[in-house]
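Peer 1: Shown below is the structure under consideration.
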Amino acid sequence: MSVLVAGPEPITSRDDLVAALERGSKPKAEWRIGTEHEKFPFYLSDHSPVPYEGPNGIHAMLEGLQRFGWLPVREGETLIGLESPKGGGNISLEPGGQFELSGAPLETLHQTCAELHDHLAQVREVGGELGLGFLGLGFTPSWRRDQIPVMPKGRYKIMTEYMKKVGTMGLDMMYRSCTVQVNLDFASEADMVKKLRVAVALQPIATAIFANSPFTEGKPNGYLSYRSHVWTDTDRARTGMIPFIFEDGFGFERYVDYALDVPMYFVHREQGYIDVTGQSFRDFMEGKLKGAEGETPTRGDWINHLTTIFPEARLKNYIEMRGADGGPWARICALPAFWVGLTYDQSSLDAAWDLVKDWTAQERQQLRDDVPRLGFKTPFRNGTLLDIARRAVEISRAGLKARAKGDGAGSENETVFLSTVEDIVGKGKSPADEMLEAFHGRWGGSVDPVYTEYAF
């Protein structure tokens, strides 16, 4: 991806922030696909969560993966992640030990899935030696929050305390949820605007397709995507459907103004993380940031701040799609396929925009509110969300076919990676629907089989 490079360069004006986003624009030939996915580590012996310390803990997992060439990333003396020596992807830890691969910026979905295959092979090898498995779900199916270990990263201590003040489910988001995301490029401000609008409007469709979190603490929770529901009361100052992006005149400047007023979490300096929760980046720019007096905001500070804003689709130097639950291998490849098909071919992007351009803010919000519970059955105009999902998938397939990105080994395009999505919408049944059927049928009212059937 085209990314903002963290650094000490001082930020002196709002124009600097706008320019930082504008630098994401790049010609179509340079567009790339960056896929991120999280997964829950668990002990194979008893399906319990995995702590950081110990001979079979997360630290040991990170140490073991270094045999494949990964380089350690440390916070002080603490090993908190891994990075590729070639400057590609990285492995990081979410607050409750969720293991995340942030993939390299790649040209095709064939490359994306090859990267994923290699990563999971490495994880299985090292995890198997340690007695660990990895679960592809959107929310922990059986663990209580007080059972979840806390990873030793300074920013998470600050976020944990702040979440208690701004919502009822922020800690569940941090410690008990997993997602799959895809990061996509744009050519210009106008291209960014159209893609971001399509992304936000259609995010509930992605939520319904990939809904995969119907259990909490061993029982059905009343939702198909409980992970998505959790975001509705995490921190409303930094989440949601950002309706202002559909207003006339929206562009980089308007997004900067939004981000300037979203409350900050921290400022990072050599001595560690400084808690500045509840104050804005605008305060920082004006020298009014309590706790960080005398500090000058830098490009790195701005980058860090952008990563703590969580709308349904997020703008950085690229657009990040945030609506899907974590899932098994095939669905990790399918999510970027869905969005690449919709946005990386101009005819398909135009068709996707035509699909959503007359939706009202109220309609978009209603979809966001209802889909976590109702999925494809969510009412919309004279039909249901399933009607929209089927049309969106048709558009995506056409876009992937038009891209004509083969693998050099007989496959002429990337439509094969959309087949999982096509199967889901063809049946009109989400993964969560199938899990609930199994729970009430062949699983005999137990969630334990998920640790086998949905493990990597």
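Each chain in the structure tokens gets a letter, A, B, ..., in the order shown, and its residues are numbered from 1; ligands are numbered from 1 in order too.
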What's around region 410-421 of chain A at 8 Å? Count only C-alpha atoms, leave out sequence neighbours fewer than 4 positions away in its own chain, and write the answer as a ChimeraX atom specification.
Peer 2: /A:108-110,209,330-331,333-334,337-338,393,397,400-401,403-406,425
Peer 1: Check the DSSP output for the backbone and give back, as a ChimeraX atom specification, the residues of region 32-254 of chain A in strand (DSSP E or B).
Peer 2: /A:33-43,49,71-75,78-83,90-93,99-102,106,132-135,139,177,179-184,213,215-216,219-220,225,239-240
Peer 1: Skipping near chain neighbours, those fewer than 5 positions away, what residues fall within 10 Å of region 151-153 of chain A using only C-alpha atoms, listed as an MDAnalysis selection string?
Peer 2: chainID A and resid 51:53 58:59 74:76 78:80 93:98 158 175 273
Peer 1: Nearest to Pro149 (chain A): which of A:Lys316, A:His305, A:Arg227, A:Arg176 is it, counting only C-alpha atoms?
Peer 2: A:Arg176
Peer 1: DSSP on the backbone, alpha helix (DSSP H) only: what residues of region 199-355 of chain A does that give? Format it as a PyMOL selection string.
Peer 2: chain A and resi 199-209+226-230+252-261+281-285+299-306+329-343+346-355
Peer 1: So, with only C-alpha atoms as the atoms that count, which of A:Glu36, A:Asp235, A:Asp191, A:Asp15 lies closest to Arg322 (chain A)?
Peer 2: A:Glu36
Peer 1: Compile a residue-level contact table for region 300-363 of chain A against region 368-374 of chain A at a cut-off of 12 Å, reporting for every qualifying residue the shortest atom pair and its distance in Å to one decimal, with only C-alpha atoms counted, rows ordered by chain and ascending number, as a Markdown table.
Peer 2:
| residue | atom | partner | partner_atom | distance |
| --- | --- | --- | --- | --- |
| A:Pro311 | CA | A:Arg368 | CA | 11.6 |
| A:Glu312 | CA | A:Arg368 | CA | 9.2 |
| A:Gly323 | CA | A:Arg368 | CA | 9.8 |
| A:Ala324 | CA | A:Pro372 | CA | 10.6 |
| A:Asp325 | CA | A:Pro372 | CA | 10.6 |
| A:Ala361 | CA | A:Arg368 | CA | 10.6 |
| A:Gln362 | CA | A:Arg368 | CA | 9.8 |
| A:Glu363 | CA | A:Arg368 | CA | 8.7 |
Peer 1: The selected residues should be written to file as an mmCIF file, in the first residue's frame (atoms: N, CA and C atoms).
Peer 2:
data_model
loop_
_atom_site.group_PDB
_atom_site.id
_atom_site.type_symbol
_atom_site.label_atom_id
_atom_site.label_comp_id
_atom_site.auth_asym_id
_atom_site.auth_seq_id
_atom_site.Cartn_x
_atom_site.Cartn_y
_atom_site.Cartn_z
ATOM 1 N N PRO A 311 -14.135 4.367 12.005
ATOM 2 C CA PRO A 311 -15.397 4.314 11.261
ATOM 3 C C PRO A 311 -15.498 3.018 10.464
ATOM 4 N N GLU A 312 -16.638 2.785 9.847
ATOM 5 C CA GLU A 312 -16.859 1.545 9.109
ATOM 6 C C GLU A 312 -15.880 1.380 7.950
ATOM 7 N N GLY A 323 -15.654 -3.875 7.907
ATOM 8 C CA GLY A 323 -16.945 -4.402 8.321
ATOM 9 C C GLY A 323 -17.062 -5.897 8.539
ATOM 10 N N ALA A 324 -15.988 -6.672 8.302
ATOM 11 C CA ALA A 324 -16.127 -8.136 8.267
ATOM 12 C C ALA A 324 -15.605 -8.812 9.527
ATOM 13 N N ASP A 325 -16.273 -9.893 9.918
ATOM 14 C CA ASP A 325 -15.789 -10.757 10.988
ATOM 15 C C ASP A 325 -14.577 -11.558 10.521
ATOM 16 N N ALA A 361 -29.124 8.988 4.375
ATOM 17 C CA ALA A 361 -28.328 8.761 5.579
ATOM 18 C C ALA A 361 -29.092 7.869 6.553
ATOM 19 N N GLN A 362 -30.397 8.067 6.641
ATOM 20 C CA GLN A 362 -31.208 7.247 7.542
ATOM 21 C C GLN A 362 -31.219 5.786 7.100
ATOM 22 N N GLU A 363 -31.319 5.551 5.796
ATOM 23 C CA GLU A 363 -31.314 4.181 5.288
ATOM 24 C C GLU A 363 -29.966 3.511 5.547
#
Peer 1: What's the 6 Å shell around Ser142 (chain A), counting only C-alpha atoms, without same-chain residues fewer than 3 positions away, as a PyMOL selection string?
Peer 2: chain A and resi 216-218
Peer 1: May I have the selected residues written with C-alpha atoms, as a PDB file, in the first residue's frame?
Peer 2:
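Saved as out32.pdb:
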ATOM      1  CA  THR A 216     -20.862 -15.432  23.544  1.00  0.00           C
ATOM      2  CA  GLU A 217     -19.669 -17.440  26.528  1.00  0.00           C
ATOM      3  CA  GLY A 218     -20.929 -20.696  25.079  1.00  0.00           C
TER       4      GLY A 218
END
Peer 1: Mind pulling up the distance from CA of Gly375 (chain A) to CA of His229 (chain A)?
Peer 2: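 Distance reported for this atom pair: 11.6 Å.
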Peer 1: Find the residues around region 132-140 of chain A up to 7 Å (only C-alpha atoms counted), leave out those fewer than 6 positions away in its own chain, and share them as a list in words.
Peer 2: Lys39, Phe40, Pro41, Phe42, Tyr43, Leu44, Arg176, Ser177, Cys178, Thr179, Asn212, Ser213, Thr216, Tyr226, Arg227, Asp325, Gly326, Gly327, Pro328, Tyr451, Tyr454, Ala455 and Phe456 of chain A
Peer 1: For Val73 (chain A), which of A:Ala398, A:Ile91, A:Leu315, A:Met61 is the closest residue, counting only C-alpha atoms?
Peer 2: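 Of A:Ala398, A:Ile91, A:Leu315, A:Met61, the one nearest Val73 (chain A) is A:Ile91, counting only C-alpha atoms.
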Peer 1: When distances are computed from only C-alpha atoms, which of A:Arg145, A:Lys26, A:Arg314, A:Lys288 shows the smallest separation from Ala259 (chain A)?
Peer 2: A:Arg314
Peer 1: Could you work out how far CA of Ser430 (chain A) lies from CA of Asp146 (chain A), giving the answer in Å with one decimal?
Peer 2: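 Computing the Euclidean distance for CA of Asp146 (chain A) and CA of Ser430 (chain A) yields 29.5 Å.
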Peer 1: Which is closer to Asp172 (chain A) than all the others in A:Phe266, A:Trp231, A:Phe244, A:Phe215, using only C-alpha atoms?
Peer 2: A:Trp231
Peer 1: As an MDAnalysis selection string, please: the residues near Leu202 (chain A) (cut-off 12 Å, only C-alpha atoms, same-chain neighbours under 6 positions excluded).
Peer 2: chainID A and resid 195:196 208:209 241 312:313 321:324 338:339 342:343 349 352:357 359 363:365 367:368 371 385 388:393 396
Peer 1: Go ahead and save the picked residues with C-alpha atoms, as a PDB file, in the first residue's frame.
Peer 2:
ATOM      1  CA  LYS A 195     -14.566   4.728  -3.275  1.00  0.00           C
ATOM      2  CA  LEU A 196     -15.019   5.824   0.327  1.00  0.00           C
ATOM      3  CA  ALA A 208     -23.841  -9.795   6.481  1.00  0.00           C
ATOM      4  CA  ILE A 209     -21.788 -11.914   4.069  1.00  0.00           C
ATOM      5  CA  MET A 241     -21.105   5.528   9.232  1.00  0.00           C
ATOM      6  CA  GLU A 312     -16.859   1.545   9.109  1.00  0.00           C
ATOM      7  CA  ALA A 313     -14.360   2.466   6.391  1.00  0.00           C
ATOM      8  CA  MET A 321     -12.600  -1.750   4.787  1.00  0.00           C
ATOM      9  CA  ARG A 322     -13.578  -2.627   8.360  1.00  0.00           C
ATOM     10  CA  GLY A 323     -16.945  -4.402   8.321  1.00  0.00           C
ATOM     11  CA  ALA A 324     -16.127  -8.136   8.267  1.00  0.00           C
ATOM     12  CA  PHE A 338     -15.235  -8.692  -2.956  1.00  0.00           C
ATOM     13  CA  TRP A 339     -13.860  -5.177  -2.513  1.00  0.00           C
ATOM     14  CA  LEU A 342     -16.152  -3.435  -6.650  1.00  0.00           C
ATOM     15  CA  THR A 343     -13.529  -0.689  -6.626  1.00  0.00           C
ATOM     16  CA  LEU A 349     -17.016   1.234  -9.278  1.00  0.00           C
ATOM     17  CA  ALA A 352     -21.533   0.225  -7.290  1.00  0.00           C
ATOM     18  CA  TRP A 353     -21.982   3.965  -6.867  1.00  0.00           C
ATOM     19  CA  ASP A 354     -25.175   3.841  -8.948  1.00  0.00           C
ATOM     20  CA  LEU A 355     -26.415   1.131  -6.598  1.00  0.00           C
ATOM     21  CA  VAL A 356     -26.036   3.264  -3.453  1.00  0.00           C
ATOM     22  CA  LYS A 357     -26.018   6.908  -4.510  1.00  0.00           C
ATOM     23  CA  TRP A 359     -29.649   5.907  -0.333  1.00  0.00           C
ATOM     24  CA  GLU A 363     -31.314   4.181   5.288  1.00  0.00           C
ATOM     25  CA  ARG A 364     -27.566   3.656   5.555  1.00  0.00           C
ATOM     26  CA  GLN A 365     -27.725   3.950   9.324  1.00  0.00           C
ATOM     27  CA  LEU A 367     -28.739  -1.035   7.649  1.00  0.00           C
ATOM     28  CA  ARG A 368     -25.806  -0.566  10.000  1.00  0.00           C
ATOM     29  CA  VAL A 371     -27.592  -6.112   9.900  1.00  0.00           C
ATOM     30  CA  LEU A 385     -30.471  -6.813   2.106  1.00  0.00           C
ATOM     31  CA  ILE A 388     -28.576  -5.764  -2.604  1.00  0.00           C
ATOM     32  CA  ALA A 389     -25.894  -8.298  -1.696  1.00  0.00           C
ATOM     33  CA  ARG A 390     -26.563 -10.351  -4.808  1.00  0.00           C
ATOM     34  CA  ARG A 391     -26.330  -7.291  -7.017  1.00  0.00           C
ATOM     35  CA  ALA A 392     -23.103  -6.175  -5.309  1.00  0.00           C
ATOM     36  CA  VAL A 393     -21.537  -9.585  -5.849  1.00  0.00           C
ATOM     37  CA  SER A 396     -17.720  -7.451  -8.031  1.00  0.00           C
TER      38      SER A 396
END
Peer 1: Counting only C-alpha atoms, what is within 7 Å of Leu106 (chain A), bar same-chain residues fewer than 2 positions away, as a PyMOL selection string?
Peer 2: chain A and resi 32-34+104+108+111-112
Peer 1: Keeping C-alpha atoms, export the residues of the selection given above as a JSON list (two decimals), in the first residue's frame.
Peer 2:
[["chain", "number", "residue", "atom", "x", "y", "z"],
["A", 32, "ARG", "CA", -2.01, -2.58, -4.51],
["A", 33, "ILE", "CA", -4.00, -4.84, -2.17],
["A", 34, "GLY", "CA", -3.16, -5.08, 1.52],
["A", 104, "ALA", "CA", 2.42, -6.74, 2.22],
["A", 108, "THR", "CA", -3.07, -9.45, -7.29],
["A", 111, "GLN", "CA", -0.34, -13.11, -4.47],
["A", 112, "THR", "CA", -2.50, -12.22, -1.48]]
Peer 1: Rank A:Lys219, A:Ile242, A:Leu65, A:Gly24 by their smallest atom-to-atom distance to Ser446 (chain A), using only C-alpha atoms, and report the top residue only.
Peer 2: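 Residue with the minimum atom-to-atom distance to Ser446 (chain A): A:Lys219.
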Peer 1: Find the distance between CA of Leu306 (chain A) and CA of Tyr162 (chain A) and write it in Å to one decimal.
Peer 2: 17.1 Å
